[in-house]
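Content type PDB, C-alpha atoms, from the file data-v4.pdb:
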ATOM      1  CA  MET A 102      25.491 -50.039 -44.329
ATOM      2  CA  ALA A 103      27.730 -50.412 -47.356
ATOM      3  CA  GLY A 104      31.316 -49.628 -46.516
ATOM      4  CA  ARG A 105      30.816 -49.687 -42.740
ATOM      5  CA  VAL A 106      33.663 -51.262 -40.781
ATOM      6  CA  ALA A 107      33.290 -52.651 -37.255
ATOM      7  CA  LEU A 108      36.005 -53.786 -34.863
ATOM      8  CA  ILE A 109      35.062 -56.275 -32.127
ATOM      9  CA  THR A 110      37.335 -57.007 -29.194
ATOM     10  CA  GLY A 111      36.554 -60.433 -27.792
ATOM     11  CA  ILE A 112      35.275 -61.668 -31.163
ATOM     12  CA  THR A 113      36.025 -65.296 -30.263
ATOM     13  CA  GLY A 114      33.635 -65.187 -27.283
ATOM     14  CA  GLN A 115      29.926 -65.902 -27.159
ATOM     15  CA  ASP A 116      28.755 -62.324 -27.738
ATOM     16  CA  GLY A 117      31.515 -61.535 -30.207
ATOM     17  CA  SER A 118      30.568 -64.450 -32.453
ATOM     18  CA  TYR A 119      26.860 -63.568 -32.518
ATOM     19  CA  LEU A 120      27.614 -59.882 -33.071
ATOM     20  CA  ALA A 121      30.001 -60.701 -35.933
ATOM     21  CA  GLU A 122      27.300 -62.787 -37.630
ATOM     22  CA  PHE A 123      24.737 -60.023 -37.162
ATOM     23  CA  LEU A 124      27.017 -57.303 -38.553
ATOM     24  CA  LEU A 125      27.997 -59.440 -41.553
ATOM     25  CA  GLU A 126      24.290 -59.822 -42.350
ATOM     26  CA  LYS A 127      24.028 -56.016 -42.190
ATOM     27  CA  GLY A 128      26.764 -55.717 -44.822
ATOM     28  CA  TYR A 129      29.590 -54.607 -42.528
ATOM     29  CA  GLU A 130      33.226 -55.436 -42.941
ATOM     30  CA  VAL A 131      34.063 -57.085 -39.625
ATOM     31  CA  ALA A 132      37.439 -57.206 -37.911
ATOM     32  CA  GLY A 133      38.162 -58.691 -34.518
ATOM     33  CA  THR A 134      41.039 -58.637 -32.073
ATOM     34  CA  VAL A 135      42.622 -61.780 -30.683
ATOM     35  CA  ARG A 136      45.321 -62.040 -28.044
ATOM     36  CA  ARG A 137      48.637 -63.663 -28.924
ATOM     37  CA  SER A 138      48.365 -67.135 -27.436
ATOM     38  CA  SER A 139      49.933 -70.554 -27.850
ATOM     39  CA  THR A 140      46.462 -72.119 -27.735
ATOM     40  CA  GLU A 141      43.865 -70.334 -29.830
ATOM     41  CA  ASN A 142      40.176 -71.214 -29.669
ATOM     42  CA  PHE A 143      38.251 -70.089 -32.740
ATOM     43  CA  SER A 144      35.461 -72.662 -32.461
ATOM     44  CA  ARG A 145      32.673 -70.064 -32.087
ATOM     45  CA  ILE A 146      33.727 -68.181 -35.252
ATOM     46  CA  GLU A 147      35.067 -71.053 -37.361
ATOM     47  CA  HIS A 148      31.992 -70.940 -39.643
ATOM     48  CA  ILE A 149      32.621 -67.245 -40.488
ATOM     49  CA  ARG A 150      36.417 -67.239 -40.267
ATOM     50  CA  ASP A 151      36.844 -66.625 -43.995
ATOM     51  CA  ARG A 152      34.554 -63.569 -43.849
ATOM     52  CA  ILE A 153      36.205 -61.688 -40.986
ATOM     53  CA  GLN A 154      39.605 -60.082 -40.436
ATOM     54  CA  LEU A 155      41.490 -61.096 -37.286
ATOM     55  CA  GLU A 156      44.150 -58.820 -35.823
ATOM     56  CA  GLN A 157      46.385 -59.296 -32.784
ATOM     57  CA  ALA A 158      45.798 -56.769 -30.029
ATOM     58  CA  ASP A 159      45.470 -56.815 -26.268
ATOM     59  CA  LEU A 160      43.564 -54.700 -23.760
ATOM     60  CA  LEU A 161      46.706 -54.832 -21.606
ATOM     61  CA  ASP A 162      48.773 -53.129 -24.319
ATOM     62  CA  GLN A 163      47.921 -49.539 -25.306
ATOM     63  CA  TYR A 164      50.103 -49.513 -28.420
ATOM     64  CA  SER A 165      48.577 -52.663 -29.897
ATOM     65  CA  LEU A 166      45.138 -51.027 -29.634
ATOM     66  CA  LEU A 167      46.337 -47.864 -31.355
ATOM     67  CA  ASP A 168      47.951 -49.925 -34.095
ATOM     68  CA  VAL A 169      44.826 -51.974 -34.789
ATOM     69  CA  LEU A 170      42.631 -48.862 -34.926
ATOM     70  CA  LYS A 171      44.947 -47.243 -37.456
ATOM     71  CA  LYS A 172      45.107 -50.418 -39.538
ATOM     72  CA  VAL A 173      41.398 -51.344 -39.549
ATOM     73  CA  GLU A 174      39.987 -47.776 -39.536
ATOM     74  CA  PRO A 175      36.645 -48.836 -38.022
ATOM     75  CA  HIS A 176      33.497 -46.719 -37.842
ATOM     76  CA  GLU A 177      32.329 -48.654 -34.783
ATOM     77  CA  VAL A 178      34.210 -50.407 -31.973
ATOM     78  CA  TYR A 179      32.513 -52.959 -29.726
ATOM     79  CA  ASN A 180      34.514 -53.712 -26.580
ATOM     80  CA  LEU A 181      33.383 -57.206 -25.592
ATOM     81  CA  ALA A 182      36.753 -58.519 -24.406
ATOM     82  CA  ALA A 183      36.848 -59.074 -20.648
ATOM     83  CA  MET A 184      37.580 -61.422 -17.819
ATOM     84  CA  SER A 185      33.933 -62.392 -17.750
ATOM     85  CA  PHE A 186      33.573 -65.339 -15.352
ATOM     86  CA  VAL A 187      32.563 -63.822 -12.008
ATOM     87  CA  PRO A 188      33.922 -66.552  -9.638
ATOM     88  CA  THR A 189      37.397 -66.294 -11.202
ATOM     89  CA  SER A 190      37.501 -62.603 -10.325
ATOM     90  CA  TRP A 191      38.028 -63.484  -6.651
ATOM     91  CA  SER A 192      41.078 -65.623  -7.417
ATOM     92  CA  GLN A 193      42.435 -63.151 -10.033
ATOM     93  CA  PRO A 194      41.190 -59.732  -8.873
ATOM     94  CA  VAL A 195      44.141 -57.701 -10.152
ATOM     95  CA  LEU A 196      44.082 -59.246 -13.626
ATOM     96  CA  THR A 197      40.299 -58.783 -13.747
ATOM     97  CA  THR A 198      40.828 -55.097 -12.950
ATOM     98  CA  GLU A 199      43.481 -54.741 -15.657
ATOM     99  CA  PHE A 200      41.135 -56.113 -18.322
ATOM    100  CA  ASP A 201      37.710 -54.908 -17.238
ATOM    101  CA  ALA A 202      38.623 -51.482 -15.824
ATOM    102  CA  VAL A 203      42.013 -50.216 -17.008
ATOM    103  CA  GLY A 204      41.606 -52.032 -20.334
ATOM    104  CA  VAL A 205      38.505 -49.981 -21.125
ATOM    105  CA  THR A 206      40.471 -46.798 -20.452
ATOM    106  CA  ARG A 207      43.225 -47.960 -22.804
ATOM    107  CA  ILE A 208      40.834 -48.545 -25.708
ATOM    108  CA  LEU A 209      38.959 -45.271 -25.121
ATOM    109  CA  GLU A 210      42.253 -43.391 -25.042
ATOM    110  CA  ALA A 211      43.335 -45.165 -28.228
ATOM    111  CA  ILE A 212      40.091 -44.068 -29.934
ATOM    112  CA  ARG A 213      40.567 -40.493 -28.715
ATOM    113  CA  LEU A 214      44.062 -40.428 -30.202
ATOM    114  CA  ALA A 215      43.413 -42.382 -33.411
ATOM    115  CA  ASN A 216      39.973 -41.106 -34.458
ATOM    116  CA  PRO A 217      37.508 -39.521 -32.020
ATOM    117  CA  LYS A 218      34.692 -39.937 -34.565
ATOM    118  CA  ILE A 219      34.628 -43.712 -33.939
ATOM    119  CA  ARG A 220      31.462 -44.867 -32.197
ATOM    120  CA  PHE A 221      32.217 -46.980 -29.127
ATOM    121  CA  TYR A 222      30.195 -49.650 -27.322
ATOM    122  CA  GLN A 223      31.207 -50.820 -23.850
ATOM    123  CA  ALA A 224      29.900 -54.115 -22.488
ATOM    124  CA  SER A 225      28.694 -53.201 -19.016
ATOM    125  CA  SER A 226      27.046 -55.789 -16.780
ATOM    126  CA  SER A 227      24.081 -56.294 -14.460
ATOM    127  CA  GLU A 228      26.649 -57.551 -11.919
ATOM    128  CA  MET A 229      27.357 -53.854 -11.292
ATOM    129  CA  PHE A 230      24.040 -53.661  -9.405
ATOM    130  CA  GLY A 231      25.123 -56.479  -7.068
ATOM    131  CA  LYS A 232      23.341 -55.974  -3.748
ATOM    132  CA  VAL A 233      20.436 -54.296  -5.468
ATOM    133  CA  ARG A 234      18.993 -51.028  -4.189
ATOM    134  CA  GLU A 235      15.697 -51.441  -6.051
ATOM    135  CA  VAL A 236      13.798 -54.046  -8.069
ATOM    136  CA  PRO A 237      13.733 -54.018 -11.027
ATOM    137  CA  GLN A 238      17.040 -52.353 -11.887
ATOM    138  CA  LYS A 239      17.170 -49.576 -14.488
ATOM    139  CA  GLU A 240      19.749 -47.121 -15.817
ATOM    140  CA  THR A 241      19.433 -44.842 -12.774
ATOM    141  CA  THR A 242      19.636 -47.602 -10.131
ATOM    142  CA  PRO A 243      22.733 -47.086  -7.913
ATOM    143  CA  PHE A 244      25.498 -49.678  -8.239
ATOM    144  CA  HIS A 245      26.622 -51.880  -5.345
ATOM    145  CA  PRO A 246      28.892 -54.533  -6.904
ATOM    146  CA  ARG A 247      29.537 -57.728  -4.944
ATOM    147  CA  SER A 248      32.571 -59.139  -6.771
ATOM    148  CA  PRO A 249      35.904 -57.880  -8.139
ATOM    149  CA  TYR A 250      34.351 -58.406 -11.586
ATOM    150  CA  GLY A 251      31.393 -56.163 -10.729
ATOM    151  CA  VAL A 252      33.666 -53.489  -9.249
ATOM    152  CA  ALA A 253      35.875 -53.472 -12.357
ATOM    153  CA  LYS A 254      32.823 -53.250 -14.616
ATOM    154  CA  VAL A 255      31.587 -50.211 -12.671
ATOM    155  CA  TYR A 256      34.910 -48.482 -13.385
ATOM    156  CA  GLY A 257      34.665 -49.450 -17.074
ATOM    157  CA  HIS A 258      31.130 -48.095 -17.184
ATOM    158  CA  TYR A 259      31.968 -44.748 -15.603
ATOM    159  CA  ILE A 260      35.162 -44.200 -17.590
ATOM    160  CA  THR A 261      33.019 -44.617 -20.714
ATOM    161  CA  VAL A 262      30.612 -41.965 -19.411
ATOM    162  CA  ASN A 263      33.603 -39.774 -18.565
ATOM    163  CA  TYR A 264      35.094 -39.947 -22.070
ATOM    164  CA  ARG A 265      31.671 -39.192 -23.544
ATOM    165  CA  GLU A 266      31.295 -36.107 -21.364
ATOM    166  CA  SER A 267      34.941 -34.966 -21.451
ATOM    167  CA  TYR A 268      35.844 -35.512 -25.107
ATOM    168  CA  ASP A 269      32.421 -35.672 -26.781
ATOM    169  CA  LEU A 270      33.070 -39.221 -27.945
ATOM    170  CA  PHE A 271      30.069 -41.247 -29.102
ATOM    171  CA  ALA A 272      30.592 -43.754 -26.292
ATOM    172  CA  CYS A 273      27.810 -45.784 -24.724
ATOM    173  CA  SER A 274      27.397 -48.766 -22.430
ATOM    174  CA  GLY A 275      24.938 -51.611 -22.613
ATOM    175  CA  ILE A 276      24.070 -52.829 -19.115
ATOM    176  CA  LEU A 277      23.288 -56.356 -20.210
ATOM    177  CA  PHE A 278      21.624 -58.772 -17.864
ATOM    178  CA  ASN A 279      22.558 -62.460 -18.068
ATOM    179  CA  HIS A 280      22.479 -63.655 -21.654
ATOM    180  CA  GLU A 281      23.173 -67.234 -22.618
ATOM    181  CA  SER A 282      23.364 -69.545 -25.626
ATOM    182  CA  PRO A 283      24.765 -72.890 -26.775
ATOM    183  CA  ARG A 284      28.068 -70.990 -27.205
ATOM    184  CA  ARG A 285      28.271 -70.092 -23.515
ATOM    185  CA  GLY A 286      31.365 -71.401 -21.703
ATOM    186  CA  LEU A 287      30.978 -74.566 -19.634
ATOM    187  CA  GLU A 288      31.935 -72.715 -16.444
ATOM    188  CA  PHE A 289      28.699 -70.652 -16.479
ATOM    189  CA  VAL A 290      25.787 -72.126 -14.533
ATOM    190  CA  THR A 291      23.368 -72.189 -17.476
ATOM    191  CA  ARG A 292      25.732 -74.173 -19.672
ATOM    192  CA  LYS A 293      26.899 -76.267 -16.730
ATOM    193  CA  VAL A 294      23.271 -77.312 -16.241
ATOM    194  CA  THR A 295      22.435 -78.005 -19.888
ATOM    195  CA  ASP A 296      25.698 -79.901 -20.481
ATOM    196  CA  GLY A 297      25.175 -81.800 -17.216
ATOM    197  CA  VAL A 298      21.627 -82.759 -18.186
ATOM    198  CA  ALA A 299      22.829 -83.977 -21.584
ATOM    199  CA  ARG A 300      25.538 -86.082 -19.906
ATOM    200  CA  VAL A 301      23.056 -87.624 -17.472
ATOM    201  CA  LYS A 302      20.616 -88.362 -20.317
ATOM    202  CA  LEU A 303      23.330 -90.037 -22.390
ATOM    203  CA  GLY A 304      24.630 -92.072 -19.439
ATOM    204  CA  LEU A 305      27.920 -90.147 -19.238
ATOM    205  CA  ALA A 306      27.237 -88.851 -15.703
ATOM    206  CA  ASP A 307      25.037 -89.822 -12.772
ATOM    207  CA  GLU A 308      24.836 -86.487 -10.937
ATOM    208  CA  LEU A 309      25.040 -82.728 -11.353
ATOM    209  CA  ARG A 310      26.655 -80.689  -8.567
ATOM    210  CA  LEU A 311      25.486 -77.078  -8.205
ATOM    211  CA  GLY A 312      25.660 -74.206  -5.721
ATOM    212  CA  ASN A 313      22.814 -71.867  -4.783
ATOM    213  CA  LEU A 314      19.584 -73.043  -6.427
ATOM    214  CA  GLU A 315      17.665 -70.031  -5.104
ATOM    215  CA  ALA A 316      19.764 -67.363  -6.893
ATOM    216  CA  ARG A 317      17.490 -65.389  -9.220
ATOM    217  CA  ARG A 318      18.520 -64.023 -12.598
ATOM    218  CA  ASP A 319      17.042 -62.308 -15.622
ATOM    219  CA  TRP A 320      18.219 -64.619 -18.420
ATOM    220  CA  GLY A 321      17.935 -63.919 -22.152
ATOM    221  CA  PHE A 322      19.386 -65.183 -25.441
ATOM    222  CA  ALA A 323      22.733 -63.698 -26.483
ATOM    223  CA  GLY A 324      21.671 -63.680 -30.138
ATOM    224  CA  ASP A 325      18.875 -61.251 -29.252
ATOM    225  CA  TYR A 326      21.078 -59.045 -27.078
ATOM    226  CA  VAL A 327      23.771 -58.278 -29.670
ATOM    227  CA  LYS A 328      21.106 -56.514 -31.752
ATOM    228  CA  ALA A 329      20.689 -54.022 -28.898
ATOM    229  CA  MET A 330      24.437 -53.314 -28.981
ATOM    230  CA  TRP A 331      24.219 -52.343 -32.652
ATOM    231  CA  LEU A 332      21.066 -50.277 -32.157
ATOM    232  CA  MET A 333      22.797 -48.191 -29.470
ATOM    233  CA  LEU A 334      25.460 -47.097 -31.953
ATOM    234  CA  GLN A 335      22.852 -46.079 -34.556
ATOM    235  CA  GLN A 336      21.230 -43.379 -32.381
ATOM    236  CA  ASP A 337      21.655 -39.618 -32.746
ATOM    237  CA  GLN A 338      22.909 -39.295 -29.172
ATOM    238  CA  ALA A 339      25.079 -41.703 -27.182
ATOM    239  CA  ASP A 340      23.462 -43.041 -24.020
ATOM    240  CA  ASP A 341      23.484 -46.066 -21.736
ATOM    241  CA  TYR A 342      20.777 -48.728 -21.787
ATOM    242  CA  VAL A 343      19.674 -51.670 -19.660
ATOM    243  CA  VAL A 344      19.090 -54.746 -21.826
ATOM    244  CA  ALA A 345      16.996 -57.424 -20.137
ATOM    245  CA  THR A 346      13.890 -59.599 -20.531
ATOM    246  CA  GLY A 347      12.151 -58.235 -17.426
ATOM    247  CA  GLU A 348      11.465 -61.820 -16.309
ATOM    248  CA  GLN A 349      13.198 -63.553 -13.446
ATOM    249  CA  HIS A 350      13.934 -67.235 -12.862
ATOM    250  CA  THR A 351      15.759 -69.230 -10.189
ATOM    251  CA  VAL A 352      18.587 -71.645 -10.892
ATOM    252  CA  GLN A 353      16.156 -74.352  -9.781
ATOM    253  CA  GLU A 354      13.695 -73.341 -12.539
ATOM    254  CA  LEU A 355      16.542 -73.590 -15.030
ATOM    255  CA  VAL A 356      17.297 -77.101 -13.734
ATOM    256  CA  GLU A 357      13.636 -78.151 -13.845
ATOM    257  CA  ILE A 358      13.120 -77.066 -17.460
ATOM    258  CA  ALA A 359      16.370 -78.691 -18.597
ATOM    259  CA  PHE A 360      15.685 -82.071 -16.954
ATOM    260  CA  ASP A 361      12.013 -82.016 -17.981
ATOM    261  CA  HIS A 362      13.079 -81.491 -21.600
ATOM    262  CA  VAL A 363      14.841 -84.884 -21.583
ATOM    263  CA  GLY A 364      12.169 -86.626 -19.502
ATOM    264  CA  LEU A 365      14.106 -86.951 -16.229
ATOM    265  CA  GLU A 366      13.315 -85.965 -12.618
ATOM    266  CA  TRP A 367      15.897 -83.420 -11.532
ATOM    267  CA  GLN A 368      15.750 -84.309  -7.807
ATOM    268  CA  LYS A 369      17.337 -87.688  -8.525
ATOM    269  CA  TYR A 370      20.487 -86.183 -10.014
ATOM    270  CA  VAL A 371      21.147 -82.696  -8.592
ATOM    271  CA  LYS A 372      23.400 -82.338  -5.540
ATOM    272  CA  GLN A 373      24.020 -78.971  -3.863
ATOM    273  CA  ASP A 374      27.690 -78.353  -3.115
ATOM    274  CA  PRO A 375      28.872 -75.501  -0.835
ATOM    275  CA  ALA A 376      32.070 -75.303  -2.912
ATOM    276  CA  PHE A 377      30.060 -73.556  -5.642
ATOM    277  CA  TYR A 378      28.655 -70.789  -3.434
ATOM    278  CA  ARG A 379      30.100 -67.269  -3.950
ATOM    279  CA  PRO A 380      31.915 -65.421  -1.112
ATOM    280  CA  ALA A 381      29.393 -62.581  -1.547
ATOM    281  CA  GLU A 382      26.247 -63.697  -3.327
ATOM    282  CA  VAL A 383      24.168 -61.594  -5.692
ATOM    283  CA  ASP A 384      20.740 -62.922  -4.751
ATOM    284  CA  THR A 385      18.486 -61.280  -7.281
ATOM    285  CA  LEU A 386      18.832 -59.461 -10.603
ATOM    286  CA  LEU A 387      15.861 -58.232 -12.640
ATOM    287  CA  GLY A 388      16.179 -55.668 -15.405
ATOM    288  CA  ASP A 389      13.847 -52.905 -16.583
ATOM    289  CA  SER A 390      14.621 -52.378 -20.277
ATOM    290  CA  THR A 391      11.836 -49.839 -20.887
ATOM    291  CA  ARG A 392      14.269 -47.265 -22.285
ATOM    292  CA  ALA A 393      15.796 -49.768 -24.727
ATOM    293  CA  ARG A 394      12.336 -50.832 -25.880
ATOM    294  CA  ASP A 395      11.046 -47.264 -26.255
ATOM    295  CA  GLU A 396      14.123 -45.541 -27.702
ATOM    296  CA  LEU A 397      15.884 -48.362 -29.562
ATOM    297  CA  GLY A 398      12.838 -50.401 -30.535
ATOM    298  CA  TRP A 399      14.538 -53.497 -29.105
ATOM    299  CA  VAL A 400      12.591 -56.470 -27.761
ATOM    300  CA  PRO A 401      13.816 -59.932 -26.717
ATOM    301  CA  GLU A 402      12.489 -62.602 -29.070
ATOM    302  CA  THR A 403      13.490 -65.847 -27.303
ATOM    303  CA  SER A 404      11.677 -67.090 -24.199
ATOM    304  CA  PHE A 405      13.498 -68.573 -21.208
ATOM    305  CA  LYS A 406      12.055 -72.029 -21.927
ATOM    306  CA  GLN A 407      13.097 -71.817 -25.588
ATOM    307  CA  LEU A 408      16.592 -70.752 -24.536
ATOM    308  CA  VAL A 409      17.097 -73.615 -22.072
ATOM    309  CA  GLU A 410      15.718 -76.224 -24.476
ATOM    310  CA  MET A 411      17.881 -74.861 -27.309
ATOM    311  CA  MET A 412      20.965 -75.226 -25.115
ATOM    312  CA  VAL A 413      20.072 -78.755 -23.969
ATOM    313  CA  ASP A 414      19.491 -79.859 -27.582
ATOM    314  CA  ALA A 415      22.825 -78.372 -28.660
ATOM    315  CA  ASP A 416      24.687 -80.136 -25.836
ATOM    316  CA  LEU A 417      22.955 -83.454 -26.603
ATOM    317  CA  ALA A 418      23.961 -83.133 -30.259
ATOM    318  CA  ALA A 419      27.547 -82.169 -29.432
ATOM    319  CA  LEU A 420      28.038 -85.055 -26.996
ATOM    320  CA  ASP A 421      26.280 -87.491 -29.323
ATOM    321  CA  SER A 422      28.625 -86.594 -32.175
ATOM    322  CA  LYS A 423      31.643 -87.315 -29.944
ATOM    323  CA  GLY A 424      30.195 -90.600 -28.742
TER     324      GLY A 424
END
What's the structure tokens form of this structure?
Amino acid sequence: MAGRVALITGITGQDGSYLAEFLLEKGYEVAGTVRRSSTENFSRIEHIRDRIQLEQADLLDQYSLLDVLKKVEPHEVYNLAAMSFVPTSWSQPVLTTEFDAVGVTRILEAIRLANPKIRFYQASSSEMFGKVREVPQKETTPFHPRSPYGVAKVYGHYITVNYRESYDLFACSGILFNHESPRRGLEFVTRKVTDGVARVKLGLADELRLGNLEARRDWGFAGDYVKAMWLMLQQDQADDYVVATGEQHTVQELVEIAFDHVGLEWQKYVKQDPAFYRPAEVDTLLGDSTRARDELGWVPETSFKQLVEMMVDADLAALDSKG
């Protein structure tokens, strides 16, 4: 991979940080885009900051994307930047659409104009399946999104397909099911649970308020999933792939494992709060990643229990160090 250059939008996020680490190990030069902001959060990439190139660009600004492509001259572009927290998409639906739908068009158009030989990865989402038409969900399962986020991601997915078919770009989408890690934002239910458990264990909180405990998800480790992104761009032909563990767990199972890991009974601390229910719930998501396993040779390496315990340990350590 000597001399390969990759550009990652959203490099400061969970997936961007793991992907940057992975590509650096592969010998890539790695550049990432950051938005101009008065408050910058580089905590997830601080440990590799001196090994990556950061450039200002914005999915809302076509010209900034063109400029960064001409400056960095990447072989591969990974579009991970997005408004990614589903509940926020109801309160900011137009902005979510600008980033997650129109923003994808802007970066594809910039690639078409700057260098159509660039290989492009689009971060699609299992939220596109929404009110699922079949279980498990695979690449051919029809979409029925149940949030502004899911709707915008469907547009981003299909515009990627359209540029592949219209302009012969090497453009593919990874339909990633829920993937978590200690770097996940505190607003996501997995991290909310593991941080909450750590706070209860350390005496910093006496309860954990959650929404629907019966929601079912296919959860994997983000560090495993970024490898699938890279593998997609190494194929002879561009295509779209579901990336998932093929195992399903409820929010309650997540809670049980997390509390059990610190020796506490979850029923004593968890309170269900209607304020955390979605306007339109996605009840069940379960992915069939047969194509990714067969064609890419990708397999998830981290079990659900290992993932939850890893996140609880990280939150305990982080809170302990502050204490």
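The residue set within 10 Å of Thr261 in chain A, counting all atoms listed in the file and dropping same-chain residues fewer than 5 places from it, reads A:Val205, A:Thr206, A:Leu209, A:Phe221, A:Tyr222, A:Gln223, A:Ser225, A:Val255, A:Tyr256, A:Glu266, A:Ser267, A:Leu270, A:Phe271, A:Ala272, A:Cys273, A:Ser274, A:Asp341.
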Matched chain/residue IDs from the PyMOL selection byres ((chain A and resi 131) around 9), as a PyMOL selection string: chain A and resi 105-109+121+124-125+129-130+132-133+152-155+175
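Closest to Glu288 in chain A among A:Met229, A:Val187, A:Val173, A:Val413 is A:Val187, based on all atoms listed in the file.
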Target residues per the PyMOL selection byres ((chain A and resi 252) around 10), formatted as a ChimeraX atom specification: /A:190,194,197-198,201-202,228-231,244-251,253-258
Nearby residues (only C-alpha atoms) at most 12 Å from Pro283 in chain A, same-chain spacing under 5 positions excluded, as a count of residues only: 29
Separation of CA of Ala376 in chain A from CA of Gly312 in chain A, in Å and rounded to one decimal: 7.1 Å
Result set, the PyMOL selection byres ((chain A and resi 391) around 12) on current file, as an MDAnalysis selection string: chainID A and resid 237:240 342:347 388:390 392:401
Filtering to C-alpha atoms, could you give me those residues as a short mmCIF file (atom, residue, chain, number, x, y, z; two decimals), keeping the file's coordinate frame?
data_model
loop_
_atom_site.label_atom_id
_atom_site.label_comp_id
_atom_site.auth_asym_id
_atom_site.auth_seq_id
_atom_site.Cartn_x
_atom_site.Cartn_y
_atom_site.Cartn_z
CA PRO A 237 13.73 -54.02 -11.03
CA GLN A 238 17.04 -52.35 -11.89
CA LYS A 239 17.17 -49.58 -14.49
CA GLU A 240 19.75 -47.12 -15.82
CA TYR A 342 20.78 -48.73 -21.79
CA VAL A 343 19.67 -51.67 -19.66
CA VAL A 344 19.09 -54.75 -21.83
CA ALA A 345 17.00 -57.42 -20.14
CA THR A 346 13.89 -59.60 -20.53
CA GLY A 347 12.15 -58.24 -17.43
CA GLY A 388 16.18 -55.67 -15.40
CA ASP A 389 13.85 -52.90 -16.58
CA SER A 390 14.62 -52.38 -20.28
CA ARG A 392 14.27 -47.26 -22.28
CA ALA A 393 15.80 -49.77 -24.73
CA ARG A 394 12.34 -50.83 -25.88
CA ASP A 395 11.05 -47.26 -26.26
CA GLU A 396 14.12 -45.54 -27.70
CA LEU A 397 15.88 -48.36 -29.56
CA GLY A 398 12.84 -50.40 -30.54
CA TRP A 399 14.54 -53.50 -29.10
CA VAL A 400 12.59 -56.47 -27.76
CA PRO A 401 13.82 -59.93 -26.72
#
Cut-off 8 Å: closest range 139-185 of chain A/range 212-215 of chain A atom pairs per residue, using all atoms listed in the file, as CSV:
residue,atom,partner,partner_atom,distance
A:Leu167,CA,A:Ala215,CA,6.5
A:Leu170,CA,A:Ala215,CA,6.7
A:Lys171,CA,A:Ala215,CA,6.5
So that I have them on file, write out the residues from the current selection with C-alpha atoms, as an mmCIF file, in the coordinates of the input.
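Output contents, as saved in result.cif:
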data_model
loop_
_atom_site.group_PDB
_atom_site.id
_atom_site.type_symbol
_atom_site.label_atom_id
_atom_site.label_comp_id
_atom_site.auth_asym_id
_atom_site.auth_seq_id
_atom_site.Cartn_x
_atom_site.Cartn_y
_atom_site.Cartn_z
ATOM 1 C CA LEU A 167 46.337 -47.864 -31.355
ATOM 2 C CA LEU A 170 42.631 -48.862 -34.926
ATOM 3 C CA LYS A 171 44.947 -47.243 -37.456
#
Among the residues A:Met333, A:Ala158, A:Leu386, A:Leu420, the one that comes closest to Arg234 in chain A [using only C-alpha atoms]: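 Among the listed residues, A:Leu386 lies closest to Arg234 in chain A.
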Residue with smallest distance to Val178 in chain A - pool A:Phe405, A:Trp331, A:Phe360, A:Phe377, counting all atoms listed in the file: A:Trp331
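Restricting the calculation to all atoms listed in the file, the smallest distance between Glu210 in chain A and any of A:Leu387, A:Leu334, A:Val327, A:Leu166 is found for A:Leu166.
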Option closest in space to His350 in chain A, from A:Gly275, A:Gly304, A:Gly321, A:Pro217 [counting only C-alpha atoms]: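 Closest residue, counting only C-alpha atoms: A:Gly321.
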Atomic separation - CA of Thr351 in chain A relative to CA of Ala316 in chain A, Å: 5.5 Å
Residues within 7 Å of (23.4, -86.6, -7.5), file coords, all atoms listed in the file, listed as a list in words: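 Residues found, by chain and rising number: Asp307, Glu308, Leu309, Arg310, Lys369, Tyr370, Val371 and Lys372 of chain A.
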Selected residue of minimal separation from His280 in chain A among A:Val262, A:Glu126, A:Asn216, A:Ser404, counting only C-alpha atoms: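 That would be A:Ser404, the residue with the smallest distance to His280 in chain A.
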